[in-house]
Every structure is written in structure tokens, then in C-alpha cells.
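Q: Okay, so here is structure_3.tsv, and as you'll see once you scroll down, it has TSV, N, CA and C atoms.
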chain	number	residue	atom	x	y	z
A	1	MET	N	79.23	67.60	83.50
A	1	MET	CA	80.47	67.07	83.00
A	1	MET	C	80.75	65.71	83.61
A	2	ALA	N	80.44	65.54	84.87
A	2	ALA	CA	80.70	64.25	85.51
A	2	ALA	C	79.84	63.16	84.88
A	3	MET	N	78.58	63.48	84.56
A	3	MET	CA	77.71	62.51	83.92
A	3	MET	C	78.27	62.11	82.55
A	4	MET	N	78.78	63.08	81.84
A	4	MET	CA	79.36	62.82	80.53
A	4	MET	C	80.56	61.87	80.64
A	5	GLU	N	81.41	62.11	81.61
A	5	GLU	CA	82.56	61.23	81.80
A	5	GLU	C	82.12	59.82	82.16
A	6	THR	N	81.11	59.71	83.00
A	6	THR	CA	80.63	58.41	83.42
A	6	THR	C	80.01	57.65	82.26
A	7	GLU	N	79.14	58.31	81.51
A	7	GLU	CA	78.40	57.66	80.44
A	7	GLU	C	79.26	57.38	79.20
A	8	VAL	N	80.17	58.27	78.89
A	8	VAL	CA	80.93	58.13	77.65
A	8	VAL	C	82.29	57.47	77.88
A	9	LEU	N	82.93	57.80	78.98
A	9	LEU	CA	84.29	57.31	79.19
A	9	LEU	C	84.41	56.31	80.35
A	10	GLY	N	83.29	55.97	80.98
A	10	GLY	CA	83.31	55.04	82.11
A	10	GLY	C	83.72	53.63	81.70
A	11	TYR	N	83.92	52.78	82.70
A	11	TYR	CA	84.43	51.43	82.50
A	11	TYR	C	83.55	50.62	81.54
A	12	ARG	N	82.23	50.78	81.64
A	12	ARG	CA	81.33	49.99	80.80
A	12	ARG	C	80.95	50.70	79.49
A	13	ALA	N	81.42	51.88	79.27
A	13	ALA	CA	81.08	52.65	78.06
A	13	ALA	C	81.92	52.17	76.87
A	14	PRO	N	81.38	52.33	75.66
A	14	PRO	CA	82.10	51.86	74.48
A	14	PRO	C	83.44	52.57	74.22
A	15	LEU	N	83.58	53.79	74.71
A	15	LEU	CA	84.82	54.53	74.48
A	15	LEU	C	85.84	54.36	75.60
A	16	TYR	N	85.56	53.49	76.56
A	16	TYR	CA	86.48	53.31	77.69
A	16	TYR	C	87.87	52.93	77.18
A	17	GLY	N	88.88	53.61	77.71
A	17	GLY	CA	90.26	53.31	77.36
A	17	GLY	C	90.77	53.99	76.11
A	18	ARG	N	89.93	54.73	75.42
A	18	ARG	CA	90.35	55.38	74.18
A	18	ARG	C	90.86	56.79	74.38
A	19	ARG	N	90.57	57.37	75.53
A	19	ARG	CA	91.08	58.72	75.79
A	19	ARG	C	92.57	58.63	76.05
A	20	THR	N	93.33	59.46	75.36
A	20	THR	CA	94.78	59.40	75.52
A	20	THR	C	95.32	60.55	76.35
A	21	GLY	N	94.51	61.56	76.59
A	21	GLY	CA	94.97	62.69	77.38
A	21	GLY	C	93.82	63.60	77.75
A	22	GLN	N	94.09	64.53	78.60
A	22	GLN	CA	93.07	65.46	79.03
A	22	GLN	C	93.73	66.79	79.36
A	23	TRP	N	93.13	67.87	78.90
A	23	TRP	CA	93.64	69.21	79.18
A	23	TRP	C	92.64	69.96	80.02
A	24	LYS	N	93.14	70.64	81.02
A	24	LYS	CA	92.29	71.53	81.80
A	24	LYS	C	92.63	72.95	81.37
A	25	ILE	N	91.65	73.63	80.80
A	25	ILE	CA	91.85	74.98	80.31
A	25	ILE	C	91.09	75.94	81.20
A	26	ASP	N	91.80	76.86	81.81
A	26	ASP	CA	91.18	77.86	82.67
A	26	ASP	C	90.62	79.00	81.82
A	27	PRO	N	89.59	79.68	82.33
A	27	PRO	CA	89.06	80.84	81.62
A	27	PRO	C	90.11	81.94	81.48
A	28	MET	N	89.97	82.76	80.45
A	28	MET	CA	90.89	83.87	80.24
A	28	MET	C	90.61	84.99	81.24
A	29	SER	N	91.63	85.76	81.52
A	29	SER	CA	91.46	86.94	82.35
A	29	SER	C	90.82	88.05	81.52
A	30	PHE	N	90.37	89.11	82.18
A	30	PHE	CA	89.77	90.24	81.47
A	30	PHE	C	90.77	90.85	80.49
A	31	ALA	N	92.02	90.98	80.92
A	31	ALA	CA	93.05	91.57	80.05
A	31	ALA	C	93.28	90.72	78.80
A	32	SER	N	93.36	89.41	78.97
A	32	SER	CA	93.57	88.53	77.83
A	32	SER	C	92.37	88.52	76.90
A	33	ALA	N	91.18	88.47	77.48
A	33	ALA	CA	89.96	88.45	76.67
A	33	ALA	C	89.78	89.75	75.91
A	34	GLY	N	90.22	90.86	76.49
A	34	GLY	CA	90.10	92.16	75.84
A	34	GLY	C	90.86	92.27	74.54
A	35	ARG	N	91.83	91.38	74.33
A	35	ARG	CA	92.59	91.39	73.07
A	35	ARG	C	91.72	91.02	71.87
A	36	PHE	N	90.60	90.34	72.13
A	36	PHE	CA	89.68	90.01	71.05
A	36	PHE	C	88.94	91.24	70.55
A	37	ARG	N	88.94	92.31	71.33
A	37	ARG	CA	88.23	93.55	70.97
A	37	ARG	C	89.21	94.70	70.87
A	38	LYS	N	90.36	94.47	70.26
A	38	LYS	CA	91.38	95.52	70.11
A	38	LYS	C	90.78	96.75	69.46
A	39	GLY	N	91.16	97.89	69.96
A	39	GLY	CA	90.69	99.15	69.40
A	39	GLY	C	89.34	99.60	69.92
A	40	LYS	N	88.70	98.78	70.72
A	40	LYS	CA	87.39	99.14	71.28
A	40	LYS	C	87.60	99.79	72.64
A	41	ASP	N	86.63	100.57	73.05
A	41	ASP	CA	86.76	101.26	74.34
A	41	ASP	C	86.53	100.29	75.50
A	42	PHE	N	86.87	100.76	76.68
A	42	PHE	CA	86.80	99.93	77.89
A	42	PHE	C	85.38	99.43	78.14
A	43	GLU	N	84.39	100.30	77.94
A	43	GLU	CA	82.99	99.90	78.18
A	43	GLU	C	82.58	98.74	77.28
A	44	ASP	N	82.99	98.77	76.03
A	44	ASP	CA	82.68	97.69	75.10
A	44	ASP	C	83.31	96.38	75.55
A	45	ARG	N	84.58	96.44	75.93
A	45	ARG	CA	85.27	95.21	76.40
A	45	ARG	C	84.64	94.68	77.67
A	46	LEU	N	84.28	95.58	78.59
A	46	LEU	CA	83.65	95.16	79.85
A	46	LEU	C	82.29	94.53	79.59
A	47	LEU	N	81.54	95.09	78.70
A	47	LEU	CA	80.22	94.55	78.36
A	47	LEU	C	80.36	93.16	77.76
A	48	HIS	N	81.29	92.98	76.84
A	48	HIS	CA	81.51	91.67	76.25
A	48	HIS	C	82.01	90.66	77.28
A	49	PHE	N	82.87	91.09	78.18
A	49	PHE	CA	83.38	90.16	79.20
A	49	PHE	C	82.26	89.76	80.16
A	50	SER	N	81.35	90.69	80.45
A	50	SER	CA	80.25	90.35	81.36
A	50	SER	C	79.30	89.34	80.73
A	51	VAL	N	79.22	89.30	79.41
A	51	VAL	CA	78.37	88.34	78.72
A	51	VAL	C	79.11	87.03	78.44
A	52	ALA	N	80.31	87.13	77.89
A	52	ALA	CA	81.04	85.95	77.44
A	52	ALA	C	81.98	85.38	78.50
A	53	GLY	N	82.31	86.16	79.51
A	53	GLY	CA	83.24	85.69	80.52
A	53	GLY	C	84.61	85.42	79.92
A	54	GLY	N	85.28	84.42	80.42
A	54	GLY	CA	86.63	84.11	79.94
A	54	GLY	C	86.67	82.92	79.01
A	55	VAL	N	85.53	82.59	78.38
A	55	VAL	CA	85.46	81.43	77.50
A	55	VAL	C	85.83	81.85	76.07
A	56	PRO	N	86.96	81.36	75.55
A	56	PRO	CA	87.43	81.80	74.23
A	56	PRO	C	86.41	81.59	73.10
A	57	ALA	N	85.69	80.49	73.11
A	57	ALA	CA	84.72	80.23	72.03
A	57	ALA	C	83.63	81.29	72.01
A	58	TYR	N	83.20	81.76	73.17
A	58	TYR	CA	82.18	82.80	73.22
A	58	TYR	C	82.72	84.11	72.69
A	59	TRP	N	83.99	84.40	72.96
A	59	TRP	CA	84.58	85.64	72.46
A	59	TRP	C	84.69	85.62	70.94
A	60	VAL	N	85.02	84.48	70.39
A	60	VAL	CA	85.06	84.38	68.93
A	60	VAL	C	83.66	84.56	68.37
A	61	LEU	N	82.67	83.97	69.01
A	61	LEU	CA	81.28	84.09	68.58
A	61	LEU	C	80.81	85.54	68.61
A	62	PHE	N	81.17	86.27	69.67
A	62	PHE	CA	80.73	87.65	69.82
A	62	PHE	C	81.71	88.67	69.24
A	63	SER	N	82.82	88.24	68.69
A	63	SER	CA	83.85	89.20	68.28
A	63	SER	C	83.38	90.15	67.19
A	64	GLN	N	82.45	89.74	66.36
A	64	GLN	CA	81.96	90.61	65.29
A	64	GLN	C	80.68	91.34	65.68
A	65	GLU	N	80.14	91.02	66.83
A	65	GLU	CA	78.87	91.59	67.26
A	65	GLU	C	79.08	92.79	68.16
A	66	LYS	N	78.17	93.70	68.09
A	66	LYS	CA	78.14	94.84	69.02
A	66	LYS	C	77.03	94.54	70.01
A	67	ILE	N	77.40	94.18	71.21
A	67	ILE	CA	76.42	93.87	72.24
A	67	ILE	C	75.96	95.19	72.86
A	68	SER	N	74.68	95.40	72.87
A	68	SER	CA	74.15	96.63	73.45
A	68	SER	C	73.37	96.30	74.71
A	69	LEU	N	73.17	97.30	75.53
A	69	LEU	CA	72.40	97.10	76.76
A	69	LEU	C	70.96	96.73	76.44
A	70	LYS	N	70.40	97.22	75.34
A	70	LYS	CA	69.03	96.88	74.97
A	70	LYS	C	68.90	95.39	74.69
A	71	ILE	N	69.89	94.82	74.00
A	71	ILE	CA	69.86	93.38	73.73
A	71	ILE	C	69.93	92.59	75.03
A	72	LEU	N	70.78	93.00	75.95
A	72	LEU	CA	70.91	92.31	77.22
A	72	LEU	C	69.65	92.40	78.05
A	73	GLU	N	68.97	93.54	78.01
A	73	GLU	CA	67.73	93.70	78.75
A	73	GLU	C	66.65	92.77	78.23
A	74	THR	N	66.60	92.52	76.93
A	74	THR	CA	65.59	91.63	76.37
A	74	THR	C	65.88	90.17	76.70
A	75	MET	N	67.12	89.85	77.01
A	75	MET	CA	67.49	88.47	77.33
A	75	MET	C	67.07	88.07	78.74
A	76	SER	N	66.88	89.02	79.62
A	76	SER	CA	66.57	88.67	81.00
A	76	SER	C	65.10	88.67	81.29
What would you get if you wrote out this structure as C-alpha cells?
A:
Amino acid sequence: MAMMETEVLGYRAPLYGRRTGQWKIDPMSFASAGRFRKGKDFEDRLLHFSVAGGVPAYWVLFSQEKISLKILETMS
């Protein structure tokens, strides 16, 4: 992220001075993220949180998917 700021928004970069604001967004808590999987059991929500963490975009990506332990084992 620091390299991106330096290269894109630094003093000599073409976009310097064009940023008008910046938001710092913290990851969601387990309880908040679990709302993306309403009606699912605790194990399902925990499994999704262990993969997607508190990043909202990942939860939207995985919201229609059923993550299984077999899939996770093949990823490692």
C-alpha cells in the first residue's frame, strides 16, 4: 500500500493533488460478518469467517458459495 501511495499519489506522480479524501475502513467483526450468512449454522459462519476474515468484498464473493473443508484442504 505504501508503494502504491508513493507511485500514484506522490509529489512527482501524475495524480498528485487530486485525492480529495481518504477513508480508513476497519475489518468487520465476526458478529457483523455473520449477517451475510443469515440462517446458516454457526459452523458455516465460522468457516466463512476463517476464509474471508472481516473483508466485506470477500463476504459478498463467498456469500453464495458453500465452503467445505475439502475445498480448503486442496488450497493448502
Q: For region 26-43 of chain A, work out the shell of residues within 8 Å, counting only N, CA and C atoms and skipping chain neighbours fewer than 5 positions away, then give it as a ChimeraX atom specification.
A: /A:48-49,53-56,59-60,62-64
Q: As an exercise, work out the distance from atom C of Ala13 (chain A) to CA of Ile25 (chain A) in Å and give it to one decimal place.
A: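 That distance, rounded to one decimal, is 25.1 Å.
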Q: Enter the distance from atom N of Thr6 (chain A) to CA of Ala52 (chain A), in Å, rounded to one decimal.
A: 26.8 Å
Q: Report, in Å with one decimal, the straight-line distance from CA of Leu47 (chain A) to CA of Leu61 (chain A).
A: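 Spanning CA of Leu47 (chain A) to CA of Leu61 (chain A) is a straight-line distance of 14.4 Å.
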Q: Please extract the residues of chain A with a backbone DSSP assignment of helix (DSSP H, G or I) and present them as a tab-separated table (two decimals) with N, CA and C atoms, in the frame of the given file.
A:
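Everything below was put into part-v7.tsv:
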chain	number	residue	atom	x	y	z
A	2	ALA	N	80.44	65.54	84.87
A	2	ALA	CA	80.70	64.25	85.51
A	2	ALA	C	79.84	63.16	84.88
A	3	MET	N	78.58	63.48	84.56
A	3	MET	CA	77.71	62.51	83.92
A	3	MET	C	78.27	62.11	82.55
A	4	MET	N	78.78	63.08	81.84
A	4	MET	CA	79.36	62.82	80.53
A	4	MET	C	80.56	61.87	80.64
A	5	GLU	N	81.41	62.11	81.61
A	5	GLU	CA	82.56	61.23	81.80
A	5	GLU	C	82.12	59.82	82.16
A	6	THR	N	81.11	59.71	83.00
A	6	THR	CA	80.63	58.41	83.42
A	6	THR	C	80.01	57.65	82.26
A	7	GLU	N	79.14	58.31	81.51
A	7	GLU	CA	78.40	57.66	80.44
A	7	GLU	C	79.26	57.38	79.20
A	8	VAL	N	80.17	58.27	78.89
A	8	VAL	CA	80.93	58.13	77.65
A	8	VAL	C	82.29	57.47	77.88
A	9	LEU	N	82.93	57.80	78.98
A	9	LEU	CA	84.29	57.31	79.19
A	9	LEU	C	84.41	56.31	80.35
A	30	PHE	N	90.37	89.11	82.18
A	30	PHE	CA	89.77	90.24	81.47
A	30	PHE	C	90.77	90.85	80.49
A	31	ALA	N	92.02	90.98	80.92
A	31	ALA	CA	93.05	91.57	80.05
A	31	ALA	C	93.28	90.72	78.80
A	32	SER	N	93.36	89.41	78.97
A	32	SER	CA	93.57	88.53	77.83
A	32	SER	C	92.37	88.52	76.90
A	33	ALA	N	91.18	88.47	77.48
A	33	ALA	CA	89.96	88.45	76.67
A	33	ALA	C	89.78	89.75	75.91
A	34	GLY	N	90.22	90.86	76.49
A	34	GLY	CA	90.10	92.16	75.84
A	34	GLY	C	90.86	92.27	74.54
A	35	ARG	N	91.83	91.38	74.33
A	35	ARG	CA	92.59	91.39	73.07
A	35	ARG	C	91.72	91.02	71.87
A	36	PHE	N	90.60	90.34	72.13
A	36	PHE	CA	89.68	90.01	71.05
A	36	PHE	C	88.94	91.24	70.55
A	37	ARG	N	88.94	92.31	71.33
A	37	ARG	CA	88.23	93.55	70.97
A	37	ARG	C	89.21	94.70	70.87
A	42	PHE	N	86.87	100.76	76.68
A	42	PHE	CA	86.80	99.93	77.89
A	42	PHE	C	85.38	99.43	78.14
A	43	GLU	N	84.39	100.30	77.94
A	43	GLU	CA	82.99	99.90	78.18
A	43	GLU	C	82.58	98.74	77.28
A	44	ASP	N	82.99	98.77	76.03
A	44	ASP	CA	82.68	97.69	75.10
A	44	ASP	C	83.31	96.38	75.55
A	45	ARG	N	84.58	96.44	75.93
A	45	ARG	CA	85.27	95.21	76.40
A	45	ARG	C	84.64	94.68	77.67
A	46	LEU	N	84.28	95.58	78.59
A	46	LEU	CA	83.65	95.16	79.85
A	46	LEU	C	82.29	94.53	79.59
A	47	LEU	N	81.54	95.09	78.70
A	47	LEU	CA	80.22	94.55	78.36
A	47	LEU	C	80.36	93.16	77.76
A	48	HIS	N	81.29	92.98	76.84
A	48	HIS	CA	81.51	91.67	76.25
A	48	HIS	C	82.01	90.66	77.28
A	49	PHE	N	82.87	91.09	78.18
A	49	PHE	CA	83.38	90.16	79.20
A	49	PHE	C	82.26	89.76	80.16
A	50	SER	N	81.35	90.69	80.45
A	50	SER	CA	80.25	90.35	81.36
A	50	SER	C	79.30	89.34	80.73
A	51	VAL	N	79.22	89.30	79.41
A	51	VAL	CA	78.37	88.34	78.72
A	51	VAL	C	79.11	87.03	78.44
A	52	ALA	N	80.31	87.13	77.89
A	52	ALA	CA	81.04	85.95	77.44
A	52	ALA	C	81.98	85.38	78.50
A	56	PRO	N	86.96	81.36	75.55
A	56	PRO	CA	87.43	81.80	74.23
A	56	PRO	C	86.41	81.59	73.10
A	57	ALA	N	85.69	80.49	73.11
A	57	ALA	CA	84.72	80.23	72.03
A	57	ALA	C	83.63	81.29	72.01
A	58	TYR	N	83.20	81.76	73.17
A	58	TYR	CA	82.18	82.80	73.22
A	58	TYR	C	82.72	84.11	72.69
A	59	TRP	N	83.99	84.40	72.96
A	59	TRP	CA	84.58	85.64	72.46
A	59	TRP	C	84.69	85.62	70.94
A	60	VAL	N	85.02	84.48	70.39
A	60	VAL	CA	85.06	84.38	68.93
A	60	VAL	C	83.66	84.56	68.37
A	61	LEU	N	82.67	83.97	69.01
A	61	LEU	CA	81.28	84.09	68.58
A	61	LEU	C	80.81	85.54	68.61
A	62	PHE	N	81.17	86.27	69.67
A	62	PHE	CA	80.73	87.65	69.82
A	62	PHE	C	81.71	88.67	69.24
A	69	LEU	N	73.17	97.30	75.53
A	69	LEU	CA	72.40	97.10	76.76
A	69	LEU	C	70.96	96.73	76.44
A	70	LYS	N	70.40	97.22	75.34
A	70	LYS	CA	69.03	96.88	74.97
A	70	LYS	C	68.90	95.39	74.69
A	71	ILE	N	69.89	94.82	74.00
A	71	ILE	CA	69.86	93.38	73.73
A	71	ILE	C	69.93	92.59	75.03
A	72	LEU	N	70.78	93.00	75.95
A	72	LEU	CA	70.91	92.31	77.22
A	72	LEU	C	69.65	92.40	78.05
A	73	GLU	N	68.97	93.54	78.01
A	73	GLU	CA	67.73	93.70	78.75
A	73	GLU	C	66.65	92.77	78.23
A	74	THR	N	66.60	92.52	76.93
A	74	THR	CA	65.59	91.63	76.37
A	74	THR	C	65.88	90.17	76.70
A	75	MET	N	67.12	89.85	77.01
A	75	MET	CA	67.49	88.47	77.33
A	75	MET	C	67.07	88.07	78.74
Q: Let me have the centre and edge lengths of the axis-aligned box enclosing all listed atoms of region 11-16 of chain A with 5 Å padding on every side, in Å to one decimal, as lines of an AutoDock Vina configuration file.
A:
center_x = 84.4
center_y = 52.3
center_z = 78.5
size_x = 16.9
size_y = 14.5
size_z = 18.5
Q: Would you mind putting all heavy atoms back on region 32-43 of chain A and writing the result as an mmCIF file, in the coordinates of the input?
A:
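Final file, out19.cif:
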data_model
loop_
_atom_site.group_PDB
_atom_site.id
_atom_site.type_symbol
_atom_site.label_atom_id
_atom_site.label_comp_id
_atom_site.auth_asym_id
_atom_site.auth_seq_id
_atom_site.Cartn_x
_atom_site.Cartn_y
_atom_site.Cartn_z
ATOM 1 N N SER A 32 93.360 89.410 78.970
ATOM 2 C CA SER A 32 93.570 88.530 77.830
ATOM 3 C C SER A 32 92.370 88.520 76.900
ATOM 4 O O SER A 32 92.507 88.579 75.678
ATOM 5 C CB SER A 32 93.838 87.100 78.298
ATOM 6 O OG SER A 32 95.036 87.037 79.026
ATOM 7 N N ALA A 33 91.180 88.470 77.480
ATOM 8 C CA ALA A 33 89.960 88.450 76.670
ATOM 9 C C ALA A 33 89.780 89.750 75.910
ATOM 10 O O ALA A 33 89.260 89.759 74.784
ATOM 11 C CB ALA A 33 88.753 88.177 77.553
ATOM 12 N N GLY A 34 90.220 90.860 76.490
ATOM 13 C CA GLY A 34 90.100 92.160 75.840
ATOM 14 C C GLY A 34 90.860 92.270 74.540
ATOM 15 O O GLY A 34 90.565 93.116 73.695
ATOM 16 N N ARG A 35 91.830 91.380 74.330
ATOM 17 C CA ARG A 35 92.590 91.390 73.070
ATOM 18 C C ARG A 35 91.720 91.020 71.870
ATOM 19 O O ARG A 35 92.062 91.312 70.744
ATOM 20 C CB ARG A 35 93.785 90.457 73.177
ATOM 21 C CG ARG A 35 94.802 90.939 74.173
ATOM 22 C CD ARG A 35 96.031 90.062 74.205
ATOM 23 N NE ARG A 35 96.862 90.448 75.320
ATOM 24 C CZ ARG A 35 97.446 89.598 76.129
ATOM 25 N NH1 ARG A 35 97.335 88.314 75.928
ATOM 26 N NH2 ARG A 35 98.171 90.029 77.141
ATOM 27 N N PHE A 36 90.600 90.340 72.130
ATOM 28 C CA PHE A 36 89.680 90.010 71.050
ATOM 29 C C PHE A 36 88.940 91.240 70.550
ATOM 30 O O PHE A 36 88.352 91.212 69.484
ATOM 31 C CB PHE A 36 88.636 88.979 71.522
ATOM 32 C CG PHE A 36 89.153 87.577 71.561
ATOM 33 C CD1 PHE A 36 89.808 87.092 72.678
ATOM 34 C CD2 PHE A 36 88.983 86.738 70.482
ATOM 35 C CE1 PHE A 36 90.275 85.792 72.723
ATOM 36 C CE2 PHE A 36 89.447 85.440 70.512
ATOM 37 C CZ PHE A 36 90.101 84.970 71.635
ATOM 38 N N ARG A 37 88.940 92.310 71.330
ATOM 39 C CA ARG A 37 88.230 93.550 70.970
ATOM 40 C C ARG A 37 89.210 94.700 70.870
ATOM 41 O O ARG A 37 88.936 95.807 71.312
ATOM 42 C CB ARG A 37 87.161 93.870 72.015
ATOM 43 C CG ARG A 37 86.151 92.789 72.292
ATOM 44 C CD ARG A 37 85.110 92.603 71.247
ATOM 45 N NE ARG A 37 84.307 93.792 71.045
ATOM 46 C CZ ARG A 37 83.471 93.907 70.032
ATOM 47 N NH1 ARG A 37 83.346 92.940 69.174
ATOM 48 N NH2 ARG A 37 82.771 95.002 69.880
ATOM 49 N N LYS A 38 90.360 94.470 70.260
ATOM 50 C CA LYS A 38 91.380 95.520 70.110
ATOM 51 C C LYS A 38 90.780 96.750 69.460
ATOM 52 O O LYS A 38 89.992 96.655 68.518
ATOM 53 C CB LYS A 38 92.540 95.021 69.262
ATOM 54 C CG LYS A 38 93.489 94.147 70.011
ATOM 55 C CD LYS A 38 94.676 93.806 69.134
ATOM 56 C CE LYS A 38 95.623 92.912 69.907
ATOM 57 N NZ LYS A 38 96.735 92.484 69.085
ATOM 58 N N GLY A 39 91.160 97.890 69.960
ATOM 59 C CA GLY A 39 90.690 99.150 69.400
ATOM 60 C C GLY A 39 89.340 99.600 69.920
ATOM 61 O O GLY A 39 88.873 100.672 69.576
ATOM 62 N N LYS A 40 88.700 98.780 70.720
ATOM 63 C CA LYS A 40 87.390 99.140 71.280
ATOM 64 C C LYS A 40 87.600 99.790 72.640
ATOM 65 O O LYS A 40 88.610 99.575 73.308
ATOM 66 C CB LYS A 40 86.502 97.900 71.448
ATOM 67 C CG LYS A 40 86.266 97.140 70.168
ATOM 68 C CD LYS A 40 85.443 97.952 69.204
ATOM 69 C CE LYS A 40 85.183 97.142 67.950
ATOM 70 N NZ LYS A 40 84.340 97.802 67.005
ATOM 71 N N ASP A 41 86.630 100.570 73.050
ATOM 72 C CA ASP A 41 86.760 101.260 74.340
ATOM 73 C C ASP A 41 86.530 100.290 75.500
ATOM 74 O O ASP A 41 86.076 99.163 75.327
ATOM 75 C CB ASP A 41 85.820 102.465 74.423
ATOM 76 C CG ASP A 41 84.349 102.089 74.292
ATOM 77 O OD1 ASP A 41 84.038 100.894 74.147
ATOM 78 O OD2 ASP A 41 83.513 103.012 74.339
ATOM 79 N N PHE A 42 86.870 100.760 76.680
ATOM 80 C CA PHE A 42 86.800 99.930 77.890
ATOM 81 C C PHE A 42 85.380 99.430 78.140
ATOM 82 O O PHE A 42 85.175 98.283 78.503
ATOM 83 C CB PHE A 42 87.295 100.741 79.099
ATOM 84 C CG PHE A 42 87.224 99.972 80.381
ATOM 85 C CD1 PHE A 42 88.182 99.028 80.696
ATOM 86 C CD2 PHE A 42 86.188 100.188 81.278
ATOM 87 C CE1 PHE A 42 88.121 98.313 81.876
ATOM 88 C CE2 PHE A 42 86.112 99.478 82.457
ATOM 89 C CZ PHE A 42 87.082 98.539 82.758
ATOM 90 N N GLU A 43 84.390 100.300 77.940
ATOM 91 C CA GLU A 43 82.990 99.900 78.180
ATOM 92 C C GLU A 43 82.580 98.740 77.280
ATOM 93 O O GLU A 43 81.920 97.807 77.729
ATOM 94 C CB GLU A 43 82.068 101.088 77.953
ATOM 95 C CG GLU A 43 80.612 100.772 78.246
ATOM 96 C CD GLU A 43 79.702 101.960 78.028
ATOM 97 O OE1 GLU A 43 80.176 103.114 78.077
ATOM 98 O OE2 GLU A 43 78.504 101.720 77.807
#
